[in-house]
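S.K.: File coords_12.txt below, compact mmCIF, N, CA and C atoms:
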# COMPACT_ATOMS: atom_id res chain seq x y z
N MET A 14 0.82 -1.18 0.00
CA MET A 14 0.00 0.00 0.00
C MET A 14 0.87 1.25 0.00
N HIS A 15 1.96 1.21 0.74
CA HIS A 15 2.85 2.36 0.79
C HIS A 15 3.54 2.59 -0.55
N TRP A 16 3.86 1.49 -1.25
CA TRP A 16 4.48 1.63 -2.57
C TRP A 16 3.53 2.28 -3.55
N ALA A 17 2.27 1.94 -3.49
CA ALA A 17 1.28 2.54 -4.40
C ALA A 17 1.13 4.03 -4.12
N ALA A 18 1.15 4.42 -2.86
CA ALA A 18 1.05 5.84 -2.51
C ALA A 18 2.28 6.60 -2.99
N ALA A 19 3.46 6.02 -2.79
CA ALA A 19 4.69 6.68 -3.23
C ALA A 19 4.75 6.78 -4.75
N ALA A 20 4.34 5.73 -5.44
CA ALA A 20 4.36 5.75 -6.90
C ALA A 20 3.35 6.75 -7.45
N SER A 21 2.20 6.86 -6.81
CA SER A 21 1.19 7.82 -7.25
C SER A 21 1.69 9.25 -7.09
N ALA A 22 2.30 9.54 -5.95
CA ALA A 22 2.85 10.88 -5.72
C ALA A 22 4.02 11.16 -6.66
N GLY A 23 4.86 10.15 -6.86
CA GLY A 23 6.00 10.32 -7.76
C GLY A 23 5.57 10.59 -9.20
N CYS A 24 4.55 9.90 -9.66
CA CYS A 24 4.05 10.12 -11.02
C CYS A 24 3.46 11.52 -11.16
N ALA A 25 2.79 12.00 -10.12
CA ALA A 25 2.24 13.36 -10.17
C ALA A 25 3.36 14.39 -10.26
N VAL A 26 4.44 14.19 -9.52
CA VAL A 26 5.57 15.11 -9.58
C VAL A 26 6.24 15.08 -10.95
N VAL A 27 6.43 13.87 -11.49
CA VAL A 27 7.04 13.74 -12.82
C VAL A 27 6.16 14.39 -13.88
N ALA A 28 4.84 14.26 -13.74
CA ALA A 28 3.92 14.87 -14.70
C ALA A 28 4.02 16.39 -14.68
N VAL A 29 4.16 16.97 -13.50
CA VAL A 29 4.28 18.43 -13.40
C VAL A 29 5.61 18.90 -13.94
N VAL A 30 6.68 18.19 -13.60
CA VAL A 30 8.02 18.60 -14.02
C VAL A 30 8.19 18.46 -15.53
N THR A 31 7.72 17.37 -16.11
CA THR A 31 7.93 17.12 -17.54
C THR A 31 6.80 17.65 -18.43
N HIS A 32 5.72 18.14 -17.80
CA HIS A 32 4.54 18.61 -18.55
C HIS A 32 3.99 17.52 -19.47
N ASP A 33 3.97 16.30 -18.96
CA ASP A 33 3.50 15.15 -19.72
C ASP A 33 2.30 14.53 -19.00
N VAL A 34 1.15 14.58 -19.65
CA VAL A 34 -0.09 14.09 -19.05
C VAL A 34 -0.09 12.57 -18.91
N ALA A 35 0.70 11.88 -19.69
CA ALA A 35 0.73 10.42 -19.62
C ALA A 35 1.12 9.94 -18.22
N TRP A 36 1.95 10.68 -17.53
CA TRP A 36 2.34 10.30 -16.18
C TRP A 36 1.17 10.39 -15.20
N LEU A 37 0.21 11.27 -15.50
CA LEU A 37 -0.97 11.34 -14.64
C LEU A 37 -1.82 10.07 -14.77
N CYS A 38 -1.84 9.49 -15.95
CA CYS A 38 -2.56 8.23 -16.15
C CYS A 38 -1.91 7.10 -15.35
N VAL A 39 -0.59 7.04 -15.38
CA VAL A 39 0.13 6.03 -14.60
C VAL A 39 -0.10 6.27 -13.11
N GLY A 40 -0.09 7.52 -12.70
CA GLY A 40 -0.36 7.85 -11.30
C GLY A 40 -1.76 7.49 -10.88
N ALA A 41 -2.72 7.64 -11.80
CA ALA A 41 -4.11 7.26 -11.50
C ALA A 41 -4.23 5.75 -11.30
N LEU A 42 -3.48 4.97 -12.07
CA LEU A 42 -3.48 3.52 -11.88
C LEU A 42 -2.91 3.14 -10.52
N CYS A 43 -1.85 3.81 -10.12
CA CYS A 43 -1.27 3.55 -8.80
C CYS A 43 -2.22 3.97 -7.69
N LEU A 44 -2.95 5.07 -7.91
CA LEU A 44 -3.93 5.52 -6.92
C LEU A 44 -5.08 4.51 -6.80
N ALA A 45 -5.51 3.97 -7.93
CA ALA A 45 -6.57 2.95 -7.90
C ALA A 45 -6.10 1.71 -7.12
N LEU A 46 -4.84 1.32 -7.31
CA LEU A 46 -4.29 0.19 -6.55
C LEU A 46 -4.25 0.51 -5.06
N LEU A 47 -3.89 1.75 -4.72
CA LEU A 47 -3.87 2.17 -3.33
C LEU A 47 -5.26 2.07 -2.71
N LEU A 48 -6.27 2.55 -3.42
CA LEU A 48 -7.64 2.50 -2.90
C LEU A 48 -8.14 1.06 -2.76
N GLN A 49 -7.79 0.21 -3.70
CA GLN A 49 -8.20 -1.19 -3.64
C GLN A 49 -7.55 -1.90 -2.46
N CYS A 50 -6.29 -1.62 -2.21
CA CYS A 50 -5.56 -2.31 -1.15
C CYS A 50 -5.90 -1.78 0.25
N SER A 51 -6.54 -0.63 0.34
CA SER A 51 -6.84 -0.06 1.66
C SER A 51 -8.18 -0.53 2.21
N GLN A 52 -8.83 -1.49 1.56
CA GLN A 52 -10.08 -2.04 2.07
C GLN A 52 -9.80 -2.92 3.28
N ARG A 53 -10.83 -3.05 4.13
CA ARG A 53 -10.72 -3.96 5.26
C ARG A 53 -12.10 -4.51 5.59
N ILE A 54 -12.12 -5.68 6.20
CA ILE A 54 -13.36 -6.35 6.59
C ILE A 54 -13.35 -6.55 8.10
N VAL A 55 -14.47 -6.19 8.74
CA VAL A 55 -14.62 -6.37 10.18
C VAL A 55 -15.81 -7.29 10.40
N VAL A 56 -15.56 -8.43 11.06
CA VAL A 56 -16.62 -9.36 11.42
C VAL A 56 -16.97 -9.10 12.88
N ASP A 57 -18.23 -8.70 13.10
CA ASP A 57 -18.68 -8.32 14.44
C ASP A 57 -19.98 -9.05 14.75
N GLY A 58 -19.87 -10.15 15.46
CA GLY A 58 -21.06 -10.91 15.82
C GLY A 58 -21.72 -11.54 14.60
N SER A 59 -22.92 -11.04 14.28
CA SER A 59 -23.68 -11.63 13.17
C SER A 59 -23.59 -10.81 11.90
N THR A 60 -22.69 -9.83 11.84
CA THR A 60 -22.53 -9.03 10.63
C THR A 60 -21.07 -8.97 10.21
N ALA A 61 -20.88 -8.81 8.93
CA ALA A 61 -19.54 -8.56 8.38
C ALA A 61 -19.63 -7.26 7.62
N GLN A 62 -18.72 -6.35 7.89
CA GLN A 62 -18.74 -5.04 7.27
C GLN A 62 -17.44 -4.79 6.54
N ARG A 63 -17.55 -4.42 5.25
CA ARG A 63 -16.36 -4.08 4.46
C ARG A 63 -16.28 -2.56 4.36
N PHE A 64 -15.10 -2.03 4.63
CA PHE A 64 -14.83 -0.61 4.49
C PHE A 64 -13.92 -0.41 3.29
N GLY A 65 -14.09 0.66 2.57
CA GLY A 65 -13.24 0.94 1.42
C GLY A 65 -14.03 1.38 0.22
N LEU A 66 -13.62 0.90 -0.96
CA LEU A 66 -14.26 1.34 -2.21
C LEU A 66 -15.71 0.92 -2.32
N ARG A 67 -16.02 -0.29 -1.97
CA ARG A 67 -17.39 -0.81 -2.07
C ARG A 67 -17.87 -1.23 -0.69
N PRO A 68 -18.26 -0.27 0.17
CA PRO A 68 -18.67 -0.64 1.52
C PRO A 68 -19.99 -1.42 1.50
N VAL A 69 -20.08 -2.39 2.38
CA VAL A 69 -21.29 -3.21 2.50
C VAL A 69 -21.37 -3.78 3.90
N VAL A 70 -22.60 -3.98 4.38
CA VAL A 70 -22.84 -4.67 5.64
C VAL A 70 -23.61 -5.94 5.30
N LEU A 71 -23.05 -7.09 5.64
CA LEU A 71 -23.62 -8.38 5.30
C LEU A 71 -24.11 -9.07 6.57
N ASP A 72 -25.36 -9.54 6.56
CA ASP A 72 -25.91 -10.29 7.67
C ASP A 72 -25.45 -11.74 7.56
N LEU A 73 -24.60 -12.18 8.46
CA LEU A 73 -24.02 -13.52 8.38
C LEU A 73 -25.03 -14.62 8.69
N ALA A 74 -26.10 -14.28 9.42
CA ALA A 74 -27.10 -15.30 9.76
C ALA A 74 -27.87 -15.77 8.53
N THR A 75 -28.05 -14.87 7.55
CA THR A 75 -28.81 -15.24 6.35
C THR A 75 -27.94 -15.32 5.11
N ALA A 76 -26.64 -15.20 5.27
CA ALA A 76 -25.74 -15.19 4.11
C ALA A 76 -25.57 -16.58 3.51
N GLU A 77 -25.36 -16.62 2.21
CA GLU A 77 -25.12 -17.87 1.50
C GLU A 77 -24.06 -17.63 0.43
N VAL A 78 -23.42 -18.70 0.00
CA VAL A 78 -22.42 -18.60 -1.06
C VAL A 78 -23.14 -18.59 -2.40
N VAL A 79 -22.98 -17.51 -3.16
CA VAL A 79 -23.59 -17.38 -4.48
C VAL A 79 -22.69 -18.00 -5.53
N ARG A 80 -21.40 -17.72 -5.43
CA ARG A 80 -20.44 -18.19 -6.41
C ARG A 80 -19.15 -18.55 -5.70
N ALA A 81 -18.64 -19.74 -5.97
CA ALA A 81 -17.35 -20.15 -5.40
C ALA A 81 -16.23 -19.49 -6.18
N GLY A 82 -15.17 -19.19 -5.51
CA GLY A 82 -14.04 -18.53 -6.15
C GLY A 82 -13.17 -19.49 -6.94
N SER A 83 -12.13 -18.94 -7.52
CA SER A 83 -11.16 -19.75 -8.27
C SER A 83 -9.76 -19.33 -7.83
N ALA A 84 -8.76 -19.82 -8.52
CA ALA A 84 -7.38 -19.50 -8.18
C ALA A 84 -7.12 -18.01 -8.37
N TRP A 85 -6.18 -17.46 -7.59
CA TRP A 85 -5.94 -16.02 -7.65
C TRP A 85 -5.52 -15.59 -9.04
N TRP A 86 -4.69 -16.36 -9.73
CA TRP A 86 -4.21 -15.96 -11.06
C TRP A 86 -5.35 -15.98 -12.07
N ARG A 87 -6.29 -16.90 -11.88
CA ARG A 87 -7.44 -16.95 -12.80
C ARG A 87 -8.37 -15.77 -12.58
N GLU A 88 -8.57 -15.40 -11.31
CA GLU A 88 -9.40 -14.24 -10.99
C GLU A 88 -8.77 -12.96 -11.50
N LEU A 89 -7.48 -12.82 -11.28
CA LEU A 89 -6.80 -11.56 -11.61
C LEU A 89 -6.56 -11.39 -13.10
N PHE A 90 -6.06 -12.42 -13.77
CA PHE A 90 -5.65 -12.27 -15.16
C PHE A 90 -6.71 -12.71 -16.17
N LEU A 91 -7.57 -13.66 -15.81
CA LEU A 91 -8.56 -14.18 -16.75
C LEU A 91 -9.99 -13.80 -16.37
N CYS A 92 -10.14 -12.91 -15.38
CA CYS A 92 -11.47 -12.47 -14.93
C CYS A 92 -12.34 -13.66 -14.53
N GLY A 93 -11.75 -14.60 -13.83
CA GLY A 93 -12.48 -15.78 -13.39
C GLY A 93 -13.44 -15.45 -12.26
N PRO A 94 -14.27 -16.41 -11.89
CA PRO A 94 -15.26 -16.17 -10.84
C PRO A 94 -14.60 -15.96 -9.47
N VAL A 95 -15.15 -15.02 -8.70
CA VAL A 95 -14.64 -14.74 -7.36
C VAL A 95 -15.66 -15.24 -6.34
N LEU A 96 -15.19 -15.47 -5.12
CA LEU A 96 -16.08 -15.89 -4.04
C LEU A 96 -17.06 -14.77 -3.75
N GLU A 97 -18.35 -15.07 -3.82
CA GLU A 97 -19.37 -14.06 -3.62
C GLU A 97 -20.40 -14.56 -2.61
N LEU A 98 -20.68 -13.74 -1.60
CA LEU A 98 -21.66 -14.06 -0.58
C LEU A 98 -22.83 -13.08 -0.71
N ARG A 99 -24.06 -13.55 -0.39
CA ARG A 99 -25.24 -12.69 -0.45
C ARG A 99 -26.13 -13.01 0.73
N ASP A 100 -26.69 -11.96 1.36
CA ASP A 100 -27.61 -12.18 2.47
C ASP A 100 -29.05 -12.06 1.98
N ALA A 101 -30.01 -12.21 2.92
CA ALA A 101 -31.42 -12.20 2.56
C ALA A 101 -31.88 -10.84 2.04
N ASP A 102 -31.21 -9.76 2.41
CA ASP A 102 -31.56 -8.42 1.94
C ASP A 102 -30.98 -8.11 0.56
N GLY A 103 -30.19 -9.02 0.02
CA GLY A 103 -29.60 -8.81 -1.30
C GLY A 103 -28.24 -8.15 -1.29
N HIS A 104 -27.68 -7.88 -0.11
CA HIS A 104 -26.34 -7.30 -0.04
C HIS A 104 -25.32 -8.34 -0.46
N ARG A 105 -24.39 -7.94 -1.31
CA ARG A 105 -23.37 -8.87 -1.82
C ARG A 105 -21.98 -8.47 -1.34
N LEU A 106 -21.20 -9.48 -1.03
CA LEU A 106 -19.82 -9.28 -0.60
C LEU A 106 -18.95 -10.17 -1.46
N THR A 107 -18.07 -9.55 -2.25
CA THR A 107 -17.16 -10.32 -3.09
C THR A 107 -15.78 -10.33 -2.43
N LEU A 108 -15.15 -11.50 -2.45
CA LEU A 108 -13.84 -11.67 -1.83
C LEU A 108 -12.86 -12.20 -2.87
N GLU A 109 -12.08 -11.31 -3.44
CA GLU A 109 -11.10 -11.68 -4.45
C GLU A 109 -9.92 -12.37 -3.76
N SER A 110 -9.51 -13.52 -4.27
CA SER A 110 -8.44 -14.28 -3.61
C SER A 110 -7.08 -13.61 -3.77
N TRP A 111 -6.91 -12.73 -4.75
CA TRP A 111 -5.64 -12.04 -4.87
C TRP A 111 -5.56 -10.84 -3.94
N LEU A 112 -6.70 -10.46 -3.32
CA LEU A 112 -6.71 -9.31 -2.42
C LEU A 112 -6.87 -9.72 -0.96
N TRP A 113 -7.70 -10.73 -0.70
CA TRP A 113 -7.96 -11.18 0.66
C TRP A 113 -7.24 -12.50 0.91
N ASP A 114 -6.61 -12.62 2.05
CA ASP A 114 -5.88 -13.85 2.36
C ASP A 114 -6.85 -14.99 2.65
N ALA A 115 -6.32 -16.19 2.62
CA ALA A 115 -7.14 -17.40 2.79
C ALA A 115 -7.79 -17.44 4.17
N ALA A 116 -7.11 -16.94 5.20
CA ALA A 116 -7.67 -16.97 6.55
C ALA A 116 -8.91 -16.08 6.66
N THR A 117 -8.87 -14.92 6.03
CA THR A 117 -10.03 -14.02 6.05
C THR A 117 -11.20 -14.64 5.32
N ARG A 118 -10.94 -15.20 4.16
CA ARG A 118 -12.00 -15.84 3.38
C ARG A 118 -12.59 -17.03 4.14
N GLN A 119 -11.74 -17.83 4.76
CA GLN A 119 -12.21 -19.00 5.50
C GLN A 119 -12.99 -18.59 6.75
N SER A 120 -12.58 -17.52 7.44
CA SER A 120 -13.30 -17.09 8.63
C SER A 120 -14.71 -16.63 8.29
N LEU A 121 -14.89 -16.00 7.13
CA LEU A 121 -16.24 -15.61 6.71
C LEU A 121 -17.07 -16.83 6.34
N LEU A 122 -16.46 -17.79 5.68
CA LEU A 122 -17.18 -19.03 5.35
C LEU A 122 -17.57 -19.79 6.61
N ASP A 123 -16.68 -19.82 7.60
CA ASP A 123 -16.98 -20.47 8.87
C ASP A 123 -18.12 -19.76 9.60
N ALA A 124 -18.14 -18.41 9.50
CA ALA A 124 -19.17 -17.62 10.19
C ALA A 124 -20.56 -17.87 9.61
N ILE A 125 -20.64 -18.15 8.31
CA ILE A 125 -21.96 -18.44 7.72
C ILE A 125 -22.25 -19.93 7.68
N GLY A 126 -21.27 -20.75 8.06
CA GLY A 126 -21.47 -22.20 8.12
C GLY A 126 -21.43 -22.85 6.76
N ALA A 127 -20.70 -22.27 5.82
CA ALA A 127 -20.61 -22.83 4.48
C ALA A 127 -19.33 -23.64 4.33
N ALA A 128 -19.36 -24.57 3.40
CA ALA A 128 -18.17 -25.37 3.10
C ALA A 128 -17.21 -24.53 2.28
N ALA A 129 -15.95 -24.83 2.38
CA ALA A 129 -14.94 -24.11 1.61
C ALA A 129 -15.13 -24.41 0.12
N PRO A 130 -15.01 -23.35 -0.74
CA PRO A 130 -15.15 -23.58 -2.16
C PRO A 130 -13.97 -24.38 -2.70
N SER A 131 -14.23 -25.17 -3.71
CA SER A 131 -13.16 -25.99 -4.28
C SER A 131 -12.44 -25.26 -5.37
Before we go any further, please render this structure as structure tokens.
M.R.:
Amino acid sequence: MHWAAAASAGCAVVAVVTHDVAWLCVGALCLALLLQCSQRIVVDGSTAQRFGLRPVVLDLATAEVVRAGSAWWRELFLCGPVLELRDADGHRLTLESWLWDAATRQSLLDAIGAAAPS
């Protein structure tokens, strides 16, 4: 996360110094990575709350697995299916395996009582 912030700021400085707008595009990509990596999930009793770009509150008592995930490289490079949970109110929580570690994903599956995706 710190590298993305430094690269974003560095690209902005290079863009100003060289008067080249292309560096702003590279800086925007680094900023998007920074925002994506700064997400966090808090499991509190019967709810799971994600903070960050796509905030959501998921009711774990009524949550179910909508789609099982795939390998991180398939999700990231081939746009493969990601682990997706949905509660009775229709709130969806997607857990990309290249962004969330296996322990976080498994703790949410354990909280809803679902089997681990294959």
S.K.: Contacts of Leu121 of chain A at 8 Å or less, counting all atoms listed in the file, minus same-chain residues fewer than 4 places along, as a ChimeraX atom specification?
M.R.: /A:56,61,73,115-117,125-127
S.K.: Write the selection just made, keeping N, CA and C atoms, as a PDB file, in the frame of the given file?
M.R.:
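Saved the output as result37.pdb:
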ATOM      1  N   VAL A  56     -15.560  -8.430  11.060  1.00  0.00           N
ATOM      2  CA  VAL A  56     -16.620  -9.360  11.420  1.00  0.00           C
ATOM      3  C   VAL A  56     -16.970  -9.100  12.880  1.00  0.00           C
ATOM      4  N   ALA A  61     -20.880  -8.810   8.930  1.00  0.00           N
ATOM      5  CA  ALA A  61     -19.540  -8.560   8.380  1.00  0.00           C
ATOM      6  C   ALA A  61     -19.630  -7.260   7.620  1.00  0.00           C
ATOM      7  N   LEU A  73     -24.600 -12.180   8.460  1.00  0.00           N
ATOM      8  CA  LEU A  73     -24.020 -13.520   8.380  1.00  0.00           C
ATOM      9  C   LEU A  73     -25.030 -14.620   8.690  1.00  0.00           C
ATOM     10  N   ALA A 115      -6.320 -16.190   2.620  1.00  0.00           N
ATOM     11  CA  ALA A 115      -7.140 -17.400   2.790  1.00  0.00           C
ATOM     12  C   ALA A 115      -7.790 -17.440   4.170  1.00  0.00           C
ATOM     13  N   ALA A 116      -7.110 -16.940   5.200  1.00  0.00           N
ATOM     14  CA  ALA A 116      -7.670 -16.970   6.550  1.00  0.00           C
ATOM     15  C   ALA A 116      -8.910 -16.080   6.660  1.00  0.00           C
ATOM     16  N   THR A 117      -8.870 -14.920   6.030  1.00  0.00           N
ATOM     17  CA  THR A 117     -10.030 -14.020   6.050  1.00  0.00           C
ATOM     18  C   THR A 117     -11.200 -14.640   5.320  1.00  0.00           C
ATOM     19  N   ILE A 125     -20.640 -18.150   8.310  1.00  0.00           N
ATOM     20  CA  ILE A 125     -21.960 -18.440   7.720  1.00  0.00           C
ATOM     21  C   ILE A 125     -22.250 -19.930   7.680  1.00  0.00           C
ATOM     22  N   GLY A 126     -21.270 -20.750   8.060  1.00  0.00           N
ATOM     23  CA  GLY A 126     -21.470 -22.200   8.120  1.00  0.00           C
ATOM     24  C   GLY A 126     -21.430 -22.850   6.760  1.00  0.00           C
ATOM     25  N   ALA A 127     -20.700 -22.270   5.820  1.00  0.00           N
ATOM     26  CA  ALA A 127     -20.610 -22.830   4.480  1.00  0.00           C
ATOM     27  C   ALA A 127     -19.330 -23.640   4.330  1.00  0.00           C
TER      28      ALA A 127
END
S.K.: Segment 22-100 of chain A: which residues are strand (DSSP E or B) by DSSP, as a ChimeraX atom specification?
M.R.: /A:53-57,60-64,69-72,77-80,96-99
S.K.: Pull N, CA and C atoms from the residues just selected and write them as a PDB file, in the frame of the given file.
M.R.:
ATOM      1  N   ARG A  53     -10.830  -3.050   4.130  1.00  0.00           N
ATOM      2  CA  ARG A  53     -10.720  -3.960   5.260  1.00  0.00           C
ATOM      3  C   ARG A  53     -12.100  -4.510   5.590  1.00  0.00           C
ATOM      4  N   ILE A  54     -12.120  -5.680   6.200  1.00  0.00           N
ATOM      5  CA  ILE A  54     -13.360  -6.350   6.590  1.00  0.00           C
ATOM      6  C   ILE A  54     -13.350  -6.550   8.100  1.00  0.00           C
ATOM      7  N   VAL A  55     -14.470  -6.190   8.740  1.00  0.00           N
ATOM      8  CA  VAL A  55     -14.620  -6.370  10.180  1.00  0.00           C
ATOM      9  C   VAL A  55     -15.810  -7.290  10.400  1.00  0.00           C
ATOM     10  N   VAL A  56     -15.560  -8.430  11.060  1.00  0.00           N
ATOM     11  CA  VAL A  56     -16.620  -9.360  11.420  1.00  0.00           C
ATOM     12  C   VAL A  56     -16.970  -9.100  12.880  1.00  0.00           C
ATOM     13  N   ASP A  57     -18.230  -8.700  13.100  1.00  0.00           N
ATOM     14  CA  ASP A  57     -18.680  -8.320  14.440  1.00  0.00           C
ATOM     15  C   ASP A  57     -19.980  -9.050  14.750  1.00  0.00           C
ATOM     16  N   THR A  60     -22.690  -9.830  11.840  1.00  0.00           N
ATOM     17  CA  THR A  60     -22.530  -9.030  10.630  1.00  0.00           C
ATOM     18  C   THR A  60     -21.070  -8.970  10.210  1.00  0.00           C
ATOM     19  N   ALA A  61     -20.880  -8.810   8.930  1.00  0.00           N
ATOM     20  CA  ALA A  61     -19.540  -8.560   8.380  1.00  0.00           C
ATOM     21  C   ALA A  61     -19.630  -7.260   7.620  1.00  0.00           C
ATOM     22  N   GLN A  62     -18.720  -6.350   7.890  1.00  0.00           N
ATOM     23  CA  GLN A  62     -18.740  -5.040   7.270  1.00  0.00           C
ATOM     24  C   GLN A  62     -17.440  -4.790   6.540  1.00  0.00           C
ATOM     25  N   ARG A  63     -17.550  -4.420   5.250  1.00  0.00           N
ATOM     26  CA  ARG A  63     -16.360  -4.080   4.460  1.00  0.00           C
ATOM     27  C   ARG A  63     -16.280  -2.560   4.360  1.00  0.00           C
ATOM     28  N   PHE A  64     -15.100  -2.030   4.630  1.00  0.00           N
ATOM     29  CA  PHE A  64     -14.830  -0.610   4.490  1.00  0.00           C
ATOM     30  C   PHE A  64     -13.920  -0.410   3.290  1.00  0.00           C
ATOM     31  N   VAL A  69     -20.080  -2.390   2.380  1.00  0.00           N
ATOM     32  CA  VAL A  69     -21.290  -3.210   2.500  1.00  0.00           C
ATOM     33  C   VAL A  69     -21.370  -3.780   3.900  1.00  0.00           C
ATOM     34  N   VAL A  70     -22.600  -3.980   4.380  1.00  0.00           N
ATOM     35  CA  VAL A  70     -22.840  -4.670   5.640  1.00  0.00           C
ATOM     36  C   VAL A  70     -23.610  -5.940   5.300  1.00  0.00           C
ATOM     37  N   LEU A  71     -23.050  -7.090   5.640  1.00  0.00           N
ATOM     38  CA  LEU A  71     -23.620  -8.380   5.300  1.00  0.00           C
ATOM     39  C   LEU A  71     -24.110  -9.070   6.570  1.00  0.00           C
ATOM     40  N   ASP A  72     -25.360  -9.540   6.560  1.00  0.00           N
ATOM     41  CA  ASP A  72     -25.910 -10.290   7.670  1.00  0.00           C
ATOM     42  C   ASP A  72     -25.450 -11.740   7.560  1.00  0.00           C
ATOM     43  N   GLU A  77     -25.360 -16.620   2.210  1.00  0.00           N
ATOM     44  CA  GLU A  77     -25.120 -17.870   1.500  1.00  0.00           C
ATOM     45  C   GLU A  77     -24.060 -17.630   0.430  1.00  0.00           C
ATOM     46  N   VAL A  78     -23.420 -18.700   0.000  1.00  0.00           N
ATOM     47  CA  VAL A  78     -22.420 -18.600  -1.060  1.00  0.00           C
ATOM     48  C   VAL A  78     -23.140 -18.590  -2.400  1.00  0.00           C
ATOM     49  N   VAL A  79     -22.980 -17.510  -3.160  1.00  0.00           N
ATOM     50  CA  VAL A  79     -23.590 -17.380  -4.480  1.00  0.00           C
ATOM     51  C   VAL A  79     -22.690 -18.000  -5.530  1.00  0.00           C
ATOM     52  N   ARG A  80     -21.400 -17.720  -5.430  1.00  0.00           N
ATOM     53  CA  ARG A  80     -20.440 -18.190  -6.410  1.00  0.00           C
ATOM     54  C   ARG A  80     -19.150 -18.550  -5.700  1.00  0.00           C
ATOM     55  N   LEU A  96     -15.190 -15.470  -5.120  1.00  0.00           N
ATOM     56  CA  LEU A  96     -16.080 -15.890  -4.040  1.00  0.00           C
ATOM     57  C   LEU A  96     -17.060 -14.770  -3.750  1.00  0.00           C
ATOM     58  N   GLU A  97     -18.350 -15.070  -3.820  1.00  0.00           N
ATOM     59  CA  GLU A  97     -19.370 -14.060  -3.620  1.00  0.00           C
ATOM     60  C   GLU A  97     -20.400 -14.560  -2.610  1.00  0.00           C
ATOM     61  N   LEU A  98     -20.680 -13.740  -1.600  1.00  0.00           N
ATOM     62  CA  LEU A  98     -21.660 -14.060  -0.580  1.00  0.00           C
ATOM     63  C   LEU A  98     -22.830 -13.080  -0.710  1.00  0.00           C
ATOM     64  N   ARG A  99     -24.060 -13.550  -0.390  1.00  0.00           N
ATOM     65  CA  ARG A  99     -25.240 -12.690  -0.450  1.00  0.00           C
ATOM     66  C   ARG A  99     -26.130 -13.010   0.730  1.00  0.00           C
TER      67      ARG A  99
END
S.K.: Can you work out which one of A:Val95, A:Cys24, A:Val34, A:Leu106 has the shortest atom-to-atom distance to Val70 of chain A, counting only C-alpha atoms?
M.R.: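 Checking each of A:Val95, A:Cys24, A:Val34, A:Leu106 against Val70 of chain A, counting only C-alpha atoms, the winner is A:Leu106.
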S.K.: Can you work out the spacing between atom C of Val26 of chain A and atom N of Leu46 of chain A in Å, to one decimal?
M.R.: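 Rounded to one decimal, the two atoms are 18.0 Å apart.
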S.K.: Please run DSSP on the backbone and report, as a ChimeraX atom specification, all residues within segment 28-110 of chain A that come out as alpha helix (DSSP H).
M.R.: /A:28-31,35-50,85-91
S.K.: Could you turn the residues from that selection into a file that holds N, CA and C atoms, as a short mmCIF file (atom, residue, chain, number, x, y, z; two decimals), keeping the file's coordinate frame?
M.R.:
data_model
loop_
_atom_site.label_atom_id
_atom_site.label_comp_id
_atom_site.auth_asym_id
_atom_site.auth_seq_id
_atom_site.Cartn_x
_atom_site.Cartn_y
_atom_site.Cartn_z
N ALA A 28 4.84 14.26 -13.74
CA ALA A 28 3.92 14.87 -14.70
C ALA A 28 4.02 16.39 -14.68
N VAL A 29 4.16 16.97 -13.50
CA VAL A 29 4.28 18.43 -13.40
C VAL A 29 5.61 18.90 -13.94
N VAL A 30 6.68 18.19 -13.60
CA VAL A 30 8.02 18.60 -14.02
C VAL A 30 8.19 18.46 -15.53
N THR A 31 7.72 17.37 -16.11
CA THR A 31 7.93 17.12 -17.54
C THR A 31 6.80 17.65 -18.43
N ALA A 35 0.70 11.88 -19.69
CA ALA A 35 0.73 10.42 -19.62
C ALA A 35 1.12 9.94 -18.22
N TRP A 36 1.95 10.68 -17.53
CA TRP A 36 2.34 10.30 -16.18
C TRP A 36 1.17 10.39 -15.20
N LEU A 37 0.21 11.27 -15.50
CA LEU A 37 -0.97 11.34 -14.64
C LEU A 37 -1.82 10.07 -14.77
N CYS A 38 -1.84 9.49 -15.95
CA CYS A 38 -2.56 8.23 -16.15
C CYS A 38 -1.91 7.10 -15.35
N VAL A 39 -0.59 7.04 -15.38
CA VAL A 39 0.13 6.03 -14.60
C VAL A 39 -0.10 6.27 -13.11
N GLY A 40 -0.09 7.52 -12.70
CA GLY A 40 -0.36 7.85 -11.30
C GLY A 40 -1.76 7.49 -10.88
N ALA A 41 -2.72 7.64 -11.80
CA ALA A 41 -4.11 7.26 -11.50
C ALA A 41 -4.23 5.75 -11.30
N LEU A 42 -3.48 4.97 -12.07
CA LEU A 42 -3.48 3.52 -11.88
C LEU A 42 -2.91 3.14 -10.52
N CYS A 43 -1.85 3.81 -10.12
CA CYS A 43 -1.27 3.55 -8.80
C CYS A 43 -2.22 3.97 -7.69
N LEU A 44 -2.95 5.07 -7.91
CA LEU A 44 -3.93 5.52 -6.92
C LEU A 44 -5.08 4.51 -6.80
N ALA A 45 -5.51 3.97 -7.93
CA ALA A 45 -6.57 2.95 -7.90
C ALA A 45 -6.10 1.71 -7.12
N LEU A 46 -4.84 1.32 -7.31
CA LEU A 46 -4.29 0.19 -6.55
C LEU A 46 -4.25 0.51 -5.06
N LEU A 47 -3.89 1.75 -4.72
CA LEU A 47 -3.87 2.17 -3.33
C LEU A 47 -5.26 2.07 -2.71
N LEU A 48 -6.27 2.55 -3.42
CA LEU A 48 -7.64 2.50 -2.90
C LEU A 48 -8.14 1.06 -2.76
N GLN A 49 -7.79 0.21 -3.70
CA GLN A 49 -8.20 -1.19 -3.64
C GLN A 49 -7.55 -1.90 -2.46
N CYS A 50 -6.29 -1.62 -2.21
CA CYS A 50 -5.56 -2.31 -1.15
C CYS A 50 -5.90 -1.78 0.25
N TRP A 85 -6.18 -17.46 -7.59
CA TRP A 85 -5.94 -16.02 -7.65
C TRP A 85 -5.52 -15.59 -9.04
N TRP A 86 -4.69 -16.36 -9.73
CA TRP A 86 -4.21 -15.96 -11.06
C TRP A 86 -5.35 -15.98 -12.07
N ARG A 87 -6.29 -16.90 -11.88
CA ARG A 87 -7.44 -16.95 -12.80
C ARG A 87 -8.37 -15.77 -12.58
N GLU A 88 -8.57 -15.40 -11.31
CA GLU A 88 -9.40 -14.24 -10.99
C GLU A 88 -8.77 -12.96 -11.50
N LEU A 89 -7.48 -12.82 -11.28
CA LEU A 89 -6.80 -11.56 -11.61
C LEU A 89 -6.56 -11.39 -13.10
N PHE A 90 -6.06 -12.42 -13.77
CA PHE A 90 -5.65 -12.27 -15.16
C PHE A 90 -6.71 -12.71 -16.17
N LEU A 91 -7.57 -13.66 -15.81
CA LEU A 91 -8.56 -14.18 -16.75
C LEU A 91 -9.99 -13.80 -16.37
#
